[in-house]
Amino acid sequence: MNTSLFPLYPQPRSLELREGSGAFSALFALERLSEEAMQAASAVRVKERLEAAAARWQGSAGDTEGAEPNGSVTATALHIVCRPELHAQGYTAEWNGERLEIGYSDPEGLHYAVVTLEQLIARRGLAWTSYRIEDEPDFPVRGLMLDIGRNKIPKMETLYALIDRMSELKMNHLQLYMEGFCFDYETFRDSFPEATPISGEEFRQLDAYAKERFIDLVPNQNCLGHMGPWLAKPEFAELAEHPGGQETPVGIKLPPLTLNPLDGGSIELVRAMFGELLPHFTSGYVNVNMDEPFGLGTGQSKERAQEVGVGKLYMDYAEQVFEIIRSHGKRTLMWGDILTKHEEVIPLLPKDVTVLDWNYESHTSFETNGKLLQRHGVPYYVCPGTSTWSAVTGRTDNMLANIADAARSGKTYGAAGMIVTDWGDSGHWQPLVMSYPAYAYAAGTGWQTEANLEQHEQMERYVADCMLQDDSGHAGKLILELGRYINLENSTLENMTYTNHLLNRGLSTKEKLLSETDMIIKLLVEIGGRGIPFQLDYRYDDMLAWLKEQKEAIGELQLKSGDAESVSQELAHALSIIEHGSGLHRFIFGLELPDAAAELAWLRKLHSELASIIAEFDRLWLVRNRKGGLEASTRNLHKLLNQYEERLAELESV
């Protein structure tokens with residue numbers, strides 16, 4: 001199929017182009033509807049949506065197709081028919097040059113039919129080749145999980161816009177991941193005076209907005225591991241598995257991160273949290289997370305773990321959480337990293353629990369866990385990642401491979417859903433726009449896996465045409481390219497870029513940087529890292545040339561979206577962070593800095609640049625996000641700025 005003549009993303013299950021063509025007007029005439037269609041209470045809304053899409057096209061293109069010589073408009077015949085045999089999320093759409101017919105069995109399928117037609121109108125206009133589409137998803141659940149627990153809590157308008165983009169991509173599941181004080185728990189408000197959380201009323205508004213677009217807003221709160229923000233408060237400190245912090249084999253002491261599963265206060269805290277949170281959601285599901293409980297069974301619960309095993313210790317606590325969720329009439333979602341490491345406890349998993357199988361690195365396949373969970377009859381979703389966290393502009397090639405593997409394996413081994421995760425590790429420095437290609441690719445492969453796996457170019461054009469309204473057509477390709485600077489670093493670091501790691505570690509000597517990085521790699525082995533010794537072949541001159549090329553490309557974009565100015569500034573700022581990383585690398589490794597005078601001049605330049613970067617970071621953050629978390633996000637950048645000042649004072653005193 002020539003997608004330039006019939007652009008549509010995600011590609012549908014079946015598209016048949018037929019002889020003939022025709023144009024329709026900005027008005028539609030509903031033909032006699034079946035009783036079922038009338039009962040769906042959706043037909044008039046379909047008509048209104050299509051007319052609005054056609055009117056937008058006419059307004060933007062000055063199109064007059066369908067108008068009669070006397071100025072009247074011929075209404076296009078619109079036939080909507082209920083077809084019970086179709087998939088609940090499926091639809092048919094047929095245009096014969098004169099009449100548009102839509103078939104559906106459930107309002108959600110009718111919604112996806114209109115989403116398809118709205119995209120065709122926006123990208124192709126009102127004159128179409130005759131066609132018939134038969135479509136339905138491979139994965140019943142296609143979703144996104146956005147981390148609001150690490151620093152960055154979006155403003156309401158940002159979340160509304162995100163839900164709109166998800167709807168346009170036929171996604172139907174949204175989670176906002178929480179591990180700190182992201183929700184305004186009235187009971188615990190005094191413990192987090194610095195926070196700017198989402199209120200119960202705001203969650204109710206988001207829930208209703210998402211529901212209108214057939215998106216299930218699923219409440220999310222971690223409640224075992226990843227409890228550091230809570231355990232850092234004196235009033236909760238004694239609930240920790242390691243109240244004073246956890247020693248590690250490499251001599252680094254971790255702060256308290258995991259609740260003590262044997263302390264009754266832990267489960268009472270969880271009960272209180274869910275008791276306040278869940279009434280604001282209509283979803284039948286809750287994600288309790290319980291992933292990565294670092295140090296579980298090695299602190300206050302060590303004796304019990306030695307008696308029954310860490311897996312059983314974990315499941316005994318989990319069952320108490322499940323009961324809390326059941327008491328609210330909901331079903332549980334949970335991460336599967338502990339279960340898949342302790343296969344012996346999988347048979348203890350209740351049937352009303354769905355496992356979320358996560359993996360974010362392309363070198364590891366979802367196949368192994370998919371086979372395991374399918375063999376045990378466990379309902380599960382595959383959960384790849386955007387690869388944007390700890391990377392500023394992402395790791396494009398890892399993202400594409402990771403999502404593709406999740407879709408293939410998930411479809412092969414019976415996953416009921418695919419959720420792409422967008423985390424906020426290392427300060428959540430990445431702009432939201434950097435995740436757009438991942439959202440689109442996950443949505444496409446989740447809708448129809450085989451039809452969209454290799455459609456990278458079509459995905460890029462969708463990001464440009466529909467998500468950013470870029471008249472140059474290059475925005476999607478550019479965002480993907482911005483996530484390829486990692487190829488010029490040639491680092492063996494995992495789950496991050498070297499540049500991000502360097503900026504977070506701060507000013508150092510070459511020897512200290514290499515030593516500390518090796519120590520961190522050894523620490524990460526404790527939580528699943530491969531432990532590959534640190535190697536680096538940074539191509540500095542090539543990086544400078546690449547940066548220059550990307551700056552020029554950003555300047556050539558022709559964005560027309562409502563947030564076009566902010567997007568352009570966010571892209572340029574992200575590039576400036578990468579450029580600063582290259583400058584810091586040059587200073588630490590002494591590249592082309594032959595003497596003390598050259599070092600001093602370069603350090604002055606770095607100091608001035610970073611001060612400007614931080615100021616712009618703060619400004620751009622507040623365009624889309626709440627203030628709470630900003631100080632924590634930029635803490636390491638301010639630390640680096642202070643290190644520059646201290647080093648400058650040393651050099652200037654010589």
# chains A, B, ... in the order shown; residues from 1 in each chain; ligands from 1
>>> residues_around(residues="segment 164-178 of chain A", least_positions_apart="6", cutoff="7 Å", atoms="only C-alpha atoms", output="JSON list (two decimals) with all heavy atoms, in the first residue's frame")
[["chain", "number", "residue", "atom", "x", "y", "z"],
["A", 112, "TYR", "N", -12.78, 3.85, 18.10],
["A", 112, "TYR", "CA", -11.55, 3.65, 17.34],
["A", 112, "TYR", "C", -11.79, 3.84, 15.85],
["A", 112, "TYR", "O", -10.89, 4.29, 15.12],
["A", 112, "TYR", "CB", -10.97, 2.26, 17.62],
["A", 112, "TYR", "CG", -10.53, 2.09, 19.05],
["A", 112, "TYR", "CD1", -10.80, 0.93, 19.76],
["A", 112, "TYR", "CD2", -9.84, 3.10, 19.72],
["A", 112, "TYR", "CE1", -10.41, 0.76, 21.08],
["A", 112, "TYR", "CE2", -9.44, 2.95, 21.04],
["A", 112, "TYR", "CZ", -9.74, 1.78, 21.71],
["A", 112, "TYR", "OH", -9.34, 1.64, 23.02],
["A", 115, "VAL", "N", -11.59, 7.54, 15.43],
["A", 115, "VAL", "CA", -10.18, 7.96, 15.55],
["A", 115, "VAL", "C", -9.46, 7.76, 14.22],
["A", 115, "VAL", "O", -8.70, 8.61, 13.76],
["A", 115, "VAL", "CB", -9.48, 7.18, 16.68],
["A", 115, "VAL", "CG1", -7.96, 7.37, 16.61],
["A", 115, "VAL", "CG2", -9.99, 7.64, 18.04],
["A", 141, "VAL", "N", -5.28, -4.68, 26.06],
["A", 141, "VAL", "CA", -4.83, -3.55, 26.88],
["A", 141, "VAL", "C", -3.57, -2.97, 26.25],
["A", 141, "VAL", "O", -2.58, -3.68, 26.04],
["A", 141, "VAL", "CB", -4.54, -3.98, 28.33],
["A", 141, "VAL", "CG1", -3.95, -2.81, 29.13],
["A", 141, "VAL", "CG2", -5.82, -4.48, 29.00],
["A", 142, "ARG", "N", -3.62, -1.68, 25.93],
["A", 142, "ARG", "CA", -2.48, -0.98, 25.31],
["A", 142, "ARG", "C", -2.29, 0.33, 26.08],
["A", 142, "ARG", "O", -3.15, 1.21, 26.02],
["A", 142, "ARG", "CB", -2.76, -0.70, 23.83],
["A", 142, "ARG", "CG", -3.09, -1.96, 23.04],
["A", 142, "ARG", "CD", -3.70, -1.64, 21.70],
["A", 142, "ARG", "NE", -4.86, -0.77, 21.81],
["A", 142, "ARG", "CZ", -6.07, -1.16, 22.19],
["A", 142, "ARG", "NH1", -6.29, -2.42, 22.50],
["A", 142, "ARG", "NH2", -7.06, -0.29, 22.27],
["A", 143, "GLY", "N", -1.21, 0.41, 26.82],
["A", 143, "GLY", "CA", -1.15, 1.53, 27.74],
["A", 143, "GLY", "C", 0.19, 2.19, 27.89],
["A", 143, "GLY", "O", 1.19, 1.85, 27.26],
["A", 144, "LEU", "N", 0.16, 3.17, 28.78],
["A", 144, "LEU", "CA", 1.32, 3.98, 29.11],
["A", 144, "LEU", "C", 1.37, 4.15, 30.63],
["A", 144, "LEU", "O", 0.34, 4.37, 31.27],
["A", 144, "LEU", "CB", 1.19, 5.36, 28.45],
["A", 144, "LEU", "CG", 2.07, 6.50, 28.98],
["A", 144, "LEU", "CD1", 3.54, 6.20, 28.72],
["A", 144, "LEU", "CD2", 1.67, 7.82, 28.33],
["A", 145, "MET", "N", 2.56, 4.02, 31.18],
["A", 145, "MET", "CA", 2.79, 4.35, 32.58],
["A", 145, "MET", "C", 3.81, 5.48, 32.65],
["A", 145, "MET", "O", 4.94, 5.31, 32.20],
["A", 145, "MET", "CB", 3.31, 3.15, 33.37],
["A", 145, "MET", "CG", 3.52, 3.44, 34.85],
["A", 145, "MET", "SD", 4.32, 2.08, 35.74],
["A", 145, "MET", "CE", 3.10, 0.80, 35.50],
["A", 146, "LEU", "N", 3.38, 6.62, 33.16],
["A", 146, "LEU", "CA", 4.26, 7.78, 33.30],
["A", 146, "LEU", "C", 4.65, 7.95, 34.75],
["A", 146, "LEU", "O", 3.79, 8.00, 35.64],
["A", 146, "LEU", "CB", 3.54, 9.04, 32.79],
["A", 146, "LEU", "CG", 4.33, 10.35, 32.92],
["A", 146, "LEU", "CD1", 5.58, 10.32, 32.04],
["A", 146, "LEU", "CD2", 3.44, 11.54, 32.57],
["A", 147, "ASP", "N", 5.94, 8.06, 35.00],
["A", 147, "ASP", "CA", 6.48, 8.22, 36.35],
["A", 147, "ASP", "C", 6.24, 9.65, 36.83],
["A", 147, "ASP", "O", 6.78, 10.60, 36.27],
["A", 147, "ASP", "CB", 7.98, 7.91, 36.31],
["A", 147, "ASP", "CG", 8.63, 7.90, 37.68],
["A", 147, "ASP", "OD1", 7.97, 8.27, 38.66],
["A", 147, "ASP", "OD2", 9.81, 7.49, 37.76],
["A", 148, "ILE", "N", 5.41, 9.80, 37.88],
["A", 148, "ILE", "CA", 5.28, 11.10, 38.53],
["A", 148, "ILE", "C", 5.84, 11.01, 39.95],
["A", 148, "ILE", "O", 5.67, 11.94, 40.74],
["A", 148, "ILE", "CB", 3.82, 11.60, 38.55],
["A", 148, "ILE", "CG1", 2.93, 10.70, 39.42],
["A", 148, "ILE", "CG2", 3.27, 11.70, 37.13],
["A", 148, "ILE", "CD1", 1.55, 11.27, 39.67],
["A", 149, "GLY", "N", 6.49, 9.90, 40.25],
["A", 149, "GLY", "CA", 7.02, 9.66, 41.58],
["A", 149, "GLY", "C", 8.44, 10.13, 41.77],
["A", 149, "GLY", "O", 8.93, 10.22, 42.89],
["A", 213, "ARG", "N", -12.74, 9.01, 26.72],
["A", 213, "ARG", "CA", -11.91, 8.63, 25.58],
["A", 213, "ARG", "C", -11.54, 7.15, 25.65],
["A", 213, "ARG", "O", -10.59, 6.74, 25.00],
["A", 213, "ARG", "CB", -10.67, 9.53, 25.56],
["A", 213, "ARG", "CG", -11.01, 10.97, 25.16],
["A", 213, "ARG", "CD", -10.06, 11.99, 25.75],
["A", 213, "ARG", "NE", -10.50, 13.34, 25.38],
["A", 213, "ARG", "CZ", -11.49, 14.00, 25.99],
["A", 213, "ARG", "NH1", -12.12, 13.46, 27.01],
["A", 213, "ARG", "NH2", -11.83, 15.21, 25.58],
["A", 214, "PHE", "N", -12.28, 6.39, 26.43],
["A", 214, "PHE", "CA", -12.12, 4.94, 26.55],
["A", 214, "PHE", "C", -10.73, 4.56, 27.06],
["A", 214, "PHE", "O", -10.16, 3.55, 26.65],
["A", 214, "PHE", "CB", -12.44, 4.25, 25.23],
["A", 214, "PHE", "CG", -13.87, 4.41, 24.83],
["A", 214, "PHE", "CD1", -14.27, 5.48, 24.04],
["A", 214, "PHE", "CD2", -14.84, 3.52, 25.27],
["A", 214, "PHE", "CE1", -15.61, 5.65, 23.69],
["A", 214, "PHE", "CE2", -16.18, 3.68, 24.94],
["A", 214, "PHE", "CZ", -16.57, 4.75, 24.14],
["A", 215, "ILE", "N", -10.19, 5.39, 27.94],
["A", 215, "ILE", "CA", -8.91, 5.12, 28.58],
["A", 215, "ILE", "C", -9.16, 4.86, 30.06],
["A", 215, "ILE", "O", -9.81, 5.66, 30.74],
["A", 215, "ILE", "CB", -7.93, 6.29, 28.40],
["A", 215, "ILE", "CG1", -7.56, 6.44, 26.92],
["A", 215, "ILE", "CG2", -6.67, 6.10, 29.25],
["A", 215, "ILE", "CD1", -6.75, 7.68, 26.61],
["A", 216, "ASP", "N", -8.67, 3.74, 30.54],
["A", 216, "ASP", "CA", -8.82, 3.35, 31.94],
["A", 216, "ASP", "C", -7.68, 3.96, 32.74],
["A", 216, "ASP", "O", -6.51, 3.58, 32.57],
["A", 216, "ASP", "CB", -8.78, 1.81, 32.03],
["A", 216, "ASP", "CG", -9.11, 1.30, 33.42],
["A", 216, "ASP", "OD1", -9.72, 2.04, 34.20],
["A", 216, "ASP", "OD2", -8.78, 0.13, 33.70],
["A", 217, "LEU", "N", -7.99, 4.94, 33.59],
["A", 217, "LEU", "CA", -6.99, 5.55, 34.46],
["A", 217, "LEU", "C", -6.85, 4.69, 35.70],
["A", 217, "LEU", "O", -7.74, 4.67, 36.56],
["A", 217, "LEU", "CB", -7.38, 6.98, 34.82],
["A", 217, "LEU", "CG", -6.41, 7.72, 35.74],
["A", 217, "LEU", "CD1", -5.05, 7.89, 35.08],
["A", 217, "LEU", "CD2", -6.98, 9.07, 36.15],
["A", 218, "VAL", "N", -5.76, 3.96, 35.80],
["A", 218, "VAL", "CA", -5.56, 2.96, 36.85],
["A", 218, "VAL", "C", -4.73, 3.56, 37.98],
["A", 218, "VAL", "O", -3.61, 4.04, 37.74],
["A", 218, "VAL", "CB", -4.86, 1.71, 36.28],
["A", 218, "VAL", "CG1", -4.56, 0.71, 37.39],
["A", 218, "VAL", "CG2", -5.73, 1.07, 35.20],
["A", 219, "PRO", "N", -5.24, 3.55, 39.22],
["A", 219, "PRO", "CA", -4.45, 4.08, 40.34],
["A", 219, "PRO", "C", -3.19, 3.26, 40.56],
["A", 219, "PRO", "O", -3.16, 2.05, 40.31],
["A", 219, "PRO", "CB", -5.40, 3.97, 41.53],
["A", 219, "PRO", "CG", -6.42, 2.95, 41.13],
["A", 219, "PRO", "CD", -6.55, 3.04, 39.65],
["A", 220, "ASN", "N", -2.15, 3.93, 41.02],
["A", 220, "ASN", "CA", -0.83, 3.32, 41.13],
["A", 220, "ASN", "C", -0.14, 3.87, 42.37],
["A", 220, "ASN", "O", -0.03, 5.09, 42.53],
["A", 220, "ASN", "CB", -0.03, 3.64, 39.86],
["A", 220, "ASN", "CG", 1.36, 3.06, 39.85],
["A", 220, "ASN", "OD1", 2.12, 3.23, 40.79],
["A", 220, "ASN", "ND2", 1.73, 2.42, 38.76],
["A", 221, "GLN", "N", 0.32, 2.99, 43.25],
["A", 221, "GLN", "CA", 1.09, 3.41, 44.43],
["A", 221, "GLN", "C", 1.99, 2.28, 44.86],
["A", 221, "GLN", "O", 1.53, 1.18, 45.15],
["A", 221, "GLN", "CB", 0.16, 3.79, 45.58],
["A", 221, "GLN", "CG", 0.87, 4.09, 46.89],
["A", 221, "GLN", "CD", 1.77, 5.31, 46.84],
["A", 221, "GLN", "OE1", 1.30, 6.42, 46.59],
["A", 221, "GLN", "NE2", 3.07, 5.13, 47.06],
["A", 222, "ASN", "N", 3.30, 2.54, 44.88],
["A", 222, "ASN", "CA", 4.21, 1.51, 45.37],
["A", 222, "ASN", "C", 4.03, 1.35, 46.87],
["A", 222, "ASN", "O", 3.70, 2.30, 47.59],
["A", 222, "ASN", "CB", 5.66, 1.86, 45.04],
["A", 222, "ASN", "CG", 6.43, 0.65, 44.56],
["A", 222, "ASN", "OD1", 6.22, -0.46, 45.05],
["A", 222, "ASN", "ND2", 7.33, 0.84, 43.61],
["A", 440, "ALA", "N", 4.24, 6.24, 20.30],
["A", 440, "ALA", "CA", 3.64, 5.89, 19.01],
["A", 440, "ALA", "C", 4.01, 4.47, 18.59],
["A", 440, "ALA", "O", 3.16, 3.71, 18.11],
["A", 440, "ALA", "CB", 4.07, 6.89, 17.94],
["A", 443, "ALA", "N", 2.18, 1.97, 20.77],
["A", 443, "ALA", "CA", 0.76, 1.95, 20.40],
["A", 443, "ALA", "C", 0.55, 1.18, 19.11],
["A", 443, "ALA", "O", -0.40, 0.39, 18.99],
["A", 443, "ALA", "CB", 0.24, 3.38, 20.26]]
>>> residues_around(residues="segment 543-557 of chain A", least_positions_apart="4", cutoff="12 Å", atoms="only C-alpha atoms", output="number ranges by chain")
A: 464-465, 468-490, 499, 537-539, 561, 564-565, 567-583, 585-586
>>> select_by_dssp(residues="segment 304-342 of chain A", states="alpha helix (DSSP H)", output="NGL selection string")
:A and (304-308 or 310-327 or 337-341)
>>> write_last_selection(atoms="C-alpha atoms", output="PDB file, in the first residue's frame")
ATOM      1  CA  ARG A 304      11.828 -15.086  58.882  1.00  0.00           C
ATOM      2  CA  ALA A 305      13.392 -15.152  55.411  1.00  0.00           C
ATOM      3  CA  GLN A 306      15.831 -17.834  56.558  1.00  0.00           C
ATOM      4  CA  GLU A 307      12.881 -19.921  57.804  1.00  0.00           C
ATOM      5  CA  VAL A 308      10.552 -19.706  54.789  1.00  0.00           C
ATOM      6  CA  VAL A 310      12.526 -14.695  50.492  1.00  0.00           C
ATOM      7  CA  GLY A 311       9.860 -15.680  47.952  1.00  0.00           C
ATOM      8  CA  LYS A 312       7.412 -16.840  50.634  1.00  0.00           C
ATOM      9  CA  LEU A 313       8.222 -13.826  52.804  1.00  0.00           C
ATOM     10  CA  TYR A 314       7.348 -11.614  49.847  1.00  0.00           C
ATOM     11  CA  MET A 315       4.114 -13.468  49.058  1.00  0.00           C
ATOM     12  CA  ASP A 316       2.907 -13.429  52.668  1.00  0.00           C
ATOM     13  CA  TYR A 317       3.150  -9.631  52.616  1.00  0.00           C
ATOM     14  CA  ALA A 318       1.681  -9.418  49.103  1.00  0.00           C
ATOM     15  CA  GLU A 319      -1.422 -11.366  50.136  1.00  0.00           C
ATOM     16  CA  GLN A 320      -2.160  -8.766  52.798  1.00  0.00           C
ATOM     17  CA  VAL A 321      -1.945  -6.072  50.122  1.00  0.00           C
ATOM     18  CA  PHE A 322      -4.222  -8.081  47.810  1.00  0.00           C
ATOM     19  CA  GLU A 323      -6.832  -8.249  50.562  1.00  0.00           C
ATOM     20  CA  ILE A 324      -6.735  -4.484  50.945  1.00  0.00           C
ATOM     21  CA  ILE A 325      -7.333  -4.082  47.215  1.00  0.00           C
ATOM     22  CA  ARG A 326     -10.170  -6.624  47.241  1.00  0.00           C
ATOM     23  CA  SER A 327     -11.826  -4.736  50.095  1.00  0.00           C
ATOM     24  CA  ASP A 337      10.457  -9.319  38.979  1.00  0.00           C
ATOM     25  CA  ILE A 338      10.346 -11.116  42.346  1.00  0.00           C
ATOM     26  CA  LEU A 339       7.890 -13.786  41.195  1.00  0.00           C
ATOM     27  CA  THR A 340       9.943 -14.736  38.144  1.00  0.00           C
ATOM     28  CA  LYS A 341      13.054 -15.038  40.324  1.00  0.00           C
TER      29      LYS A 341
END
>>> select_by_dssp(residues="segment 41-227 of chain A", states="strand (DSSP E or B)", output="compact mmCIF listing (two decimals) with C-alpha atoms, in the first residue's frame")
# COMPACT_ATOMS: atom_id res chain seq x y z
CA ALA A 67 -19.92 22.70 -2.06
CA VAL A 73 -23.39 21.89 0.85
CA THR A 76 -22.33 12.94 2.96
CA ALA A 77 -24.35 9.84 3.76
CA LEU A 78 -23.20 8.24 7.01
CA HIS A 79 -24.38 4.75 7.94
CA ILE A 80 -23.56 3.30 11.38
CA VAL A 81 -24.45 -0.32 11.96
CA CYS A 82 -24.03 -2.60 14.96
CA TYR A 91 -14.62 -1.91 13.67
CA THR A 92 -15.11 -1.74 9.95
CA ALA A 93 -15.02 1.42 7.86
CA GLU A 94 -15.99 1.57 4.20
CA TRP A 95 -16.06 4.45 1.73
CA ARG A 99 -21.41 6.83 1.44
CA LEU A 100 -19.35 6.22 4.58
CA GLU A 101 -20.32 3.12 6.56
CA ILE A 102 -19.02 2.22 10.03
CA GLY A 103 -19.54 -1.15 11.68
CA TYR A 104 -18.96 -1.87 15.35
CA ALA A 127 -11.06 13.33 -1.12
CA TRP A 128 -10.40 9.62 -0.71
CA THR A 129 -9.86 6.54 -2.78
CA SER A 130 -12.59 3.99 -2.12
CA TYR A 131 -11.57 1.53 0.57
CA ARG A 132 -12.64 -0.95 3.22
CA ILE A 133 -10.92 -1.31 6.60
CA GLU A 134 -11.38 -4.26 8.95
CA ASP A 135 -9.56 -3.72 12.18
CA VAL A 141 -4.83 -3.55 26.88
CA ARG A 142 -2.48 -0.98 25.31
CA GLY A 143 -1.15 1.53 27.74
CA LEU A 144 1.32 3.98 29.11
CA MET A 145 2.79 4.35 32.58
CA LEU A 146 4.26 7.78 33.30
CA ASP A 147 6.48 8.22 36.35
CA PRO A 154 2.78 17.33 35.40
CA HIS A 173 -4.81 2.29 29.72
CA LEU A 174 -2.95 4.97 31.71
CA GLN A 175 -1.07 4.76 35.00
CA LEU A 176 0.68 7.58 36.82
CA TYR A 177 3.38 5.84 38.84
CA PHE A 183 -1.12 12.24 45.73
CA ILE A 198 -2.29 15.82 42.65
CA ASP A 216 -8.82 3.35 31.94
CA LEU A 217 -6.99 5.55 34.46
CA VAL A 218 -5.56 2.96 36.85
CA ASN A 220 -0.83 3.32 41.13
>>> closest_residue(among="A:Gly295, A:Gly329, A:Gly385, A:Pro137", to="Lys253 of chain A", atoms="only C-alpha atoms")
A:Gly295
>>> residues_around(residues="Ala442 of chain A", least_positions_apart="4", cutoff="12 Å", atoms="only C-alpha atoms", output="PyMOL selection string")
chain A and resi 9-10+139+141-145+166+169-171+382-386+399-408+417-422+435-438+446-449+452-453+455-456+459
>>> closest_atom_pairs(of="segment 125-205 of chain A", to="segment 260-280 of chain A", cutoff="9 Å", atoms="only C-alpha atoms", output="Markdown table")
| residue | atom | partner | partner_atom | distance |
| --- | --- | --- | --- | --- |
| A:Phe183 | CA | A:Leu277 | CA | 7.5 |
| A:Asp184 | CA | A:Leu277 | CA | 8.7 |
| A:Tyr185 | CA | A:Glu276 | CA | 6.6 |
| A:Glu186 | CA | A:Glu276 | CA | 8.0 |
| A:Thr187 | CA | A:Ala272 | CA | 8.1 |
| A:Phe188 | CA | A:Met273 | CA | 9.0 |
| A:Gly200 | CA | A:His280 | CA | 5.9 |
| A:Glu201 | CA | A:His280 | CA | 7.4 |
| A:Glu202 | CA | A:His280 | CA | 8.9 |
| A:Phe203 | CA | A:His280 | CA | 6.2 |
| A:Arg204 | CA | A:His280 | CA | 5.3 |
>>> atom_distance(atom1="atom CA of Leu620 of chain A", atom2="atom CA of Tyr441 of chain A")
26.1 Å
>>> residues_around(residues="Lys155 of chain A", least_positions_apart="2", cutoff="7 Å", atoms="only C-alpha atoms", output="MDAnalysis selection string")
chainID A and resid 153 157:159 624:626
>>> closest_residue(among="A:Ala195, A:Leu648, A:Val355, A:Leu231", to="Glu631 of chain A", atoms="only C-alpha atoms")
A:Ala195
>>> decode(residues="segment 412-417 of chain A", atoms="all heavy atoms", output="PDB file, in the first residue's frame")
ATOM      1  N   THR A 412       3.178 -13.843  21.157  1.00  0.00           N
ATOM      2  CA  THR A 412       3.453 -15.275  21.041  1.00  0.00           C
ATOM      3  C   THR A 412       3.058 -16.041  22.299  1.00  0.00           C
ATOM      4  O   THR A 412       2.518 -17.154  22.212  1.00  0.00           O
ATOM      5  CB  THR A 412       4.949 -15.504  20.748  1.00  0.00           C
ATOM      6  OG1 THR A 412       5.285 -14.852  19.515  1.00  0.00           O
ATOM      7  CG2 THR A 412       5.262 -16.994  20.621  1.00  0.00           C
ATOM      8  N   TYR A 413       3.299 -15.448  23.462  1.00  0.00           N
ATOM      9  CA  TYR A 413       3.115 -16.177  24.721  1.00  0.00           C
ATOM     10  C   TYR A 413       1.924 -15.675  25.536  1.00  0.00           C
ATOM     11  O   TYR A 413       1.879 -15.834  26.746  1.00  0.00           O
ATOM     12  CB  TYR A 413       4.404 -16.147  25.535  1.00  0.00           C
ATOM     13  CG  TYR A 413       5.548 -16.799  24.798  1.00  0.00           C
ATOM     14  CD1 TYR A 413       6.565 -16.039  24.233  1.00  0.00           C
ATOM     15  CD2 TYR A 413       5.566 -18.187  24.605  1.00  0.00           C
ATOM     16  CE1 TYR A 413       7.597 -16.634  23.522  1.00  0.00           C
ATOM     17  CE2 TYR A 413       6.586 -18.787  23.891  1.00  0.00           C
ATOM     18  CZ  TYR A 413       7.595 -18.015  23.352  1.00  0.00           C
ATOM     19  OH  TYR A 413       8.610 -18.611  22.636  1.00  0.00           O
ATOM     20  N   GLY A 414       0.959 -15.099  24.855  1.00  0.00           N
ATOM     21  CA  GLY A 414      -0.347 -14.869  25.463  1.00  0.00           C
ATOM     22  C   GLY A 414      -0.484 -13.702  26.410  1.00  0.00           C
ATOM     23  O   GLY A 414      -1.385 -13.714  27.264  1.00  0.00           O
ATOM     24  N   ALA A 415       0.360 -12.681  26.289  1.00  0.00           N
ATOM     25  CA  ALA A 415       0.174 -11.489  27.123  1.00  0.00           C
ATOM     26  C   ALA A 415      -1.137 -10.805  26.746  1.00  0.00           C
ATOM     27  O   ALA A 415      -1.458 -10.665  25.565  1.00  0.00           O
ATOM     28  CB  ALA A 415       1.342 -10.527  26.951  1.00  0.00           C
ATOM     29  N   ALA A 416      -1.866 -10.347  27.745  1.00  0.00           N
ATOM     30  CA  ALA A 416      -3.148  -9.688  27.500  1.00  0.00           C
ATOM     31  C   ALA A 416      -2.999  -8.191  27.279  1.00  0.00           C
ATOM     32  O   ALA A 416      -3.971  -7.528  26.909  1.00  0.00           O
ATOM     33  CB  ALA A 416      -4.098  -9.929  28.670  1.00  0.00           C
ATOM     34  N   GLY A 417      -1.802  -7.661  27.505  1.00  0.00           N
ATOM     35  CA  GLY A 417      -1.608  -6.236  27.344  1.00  0.00           C
ATOM     36  C   GLY A 417      -0.161  -5.864  27.166  1.00  0.00           C
ATOM     37  O   GLY A 417       0.748  -6.668  27.428  1.00  0.00           O
TER      38      GLY A 417
END
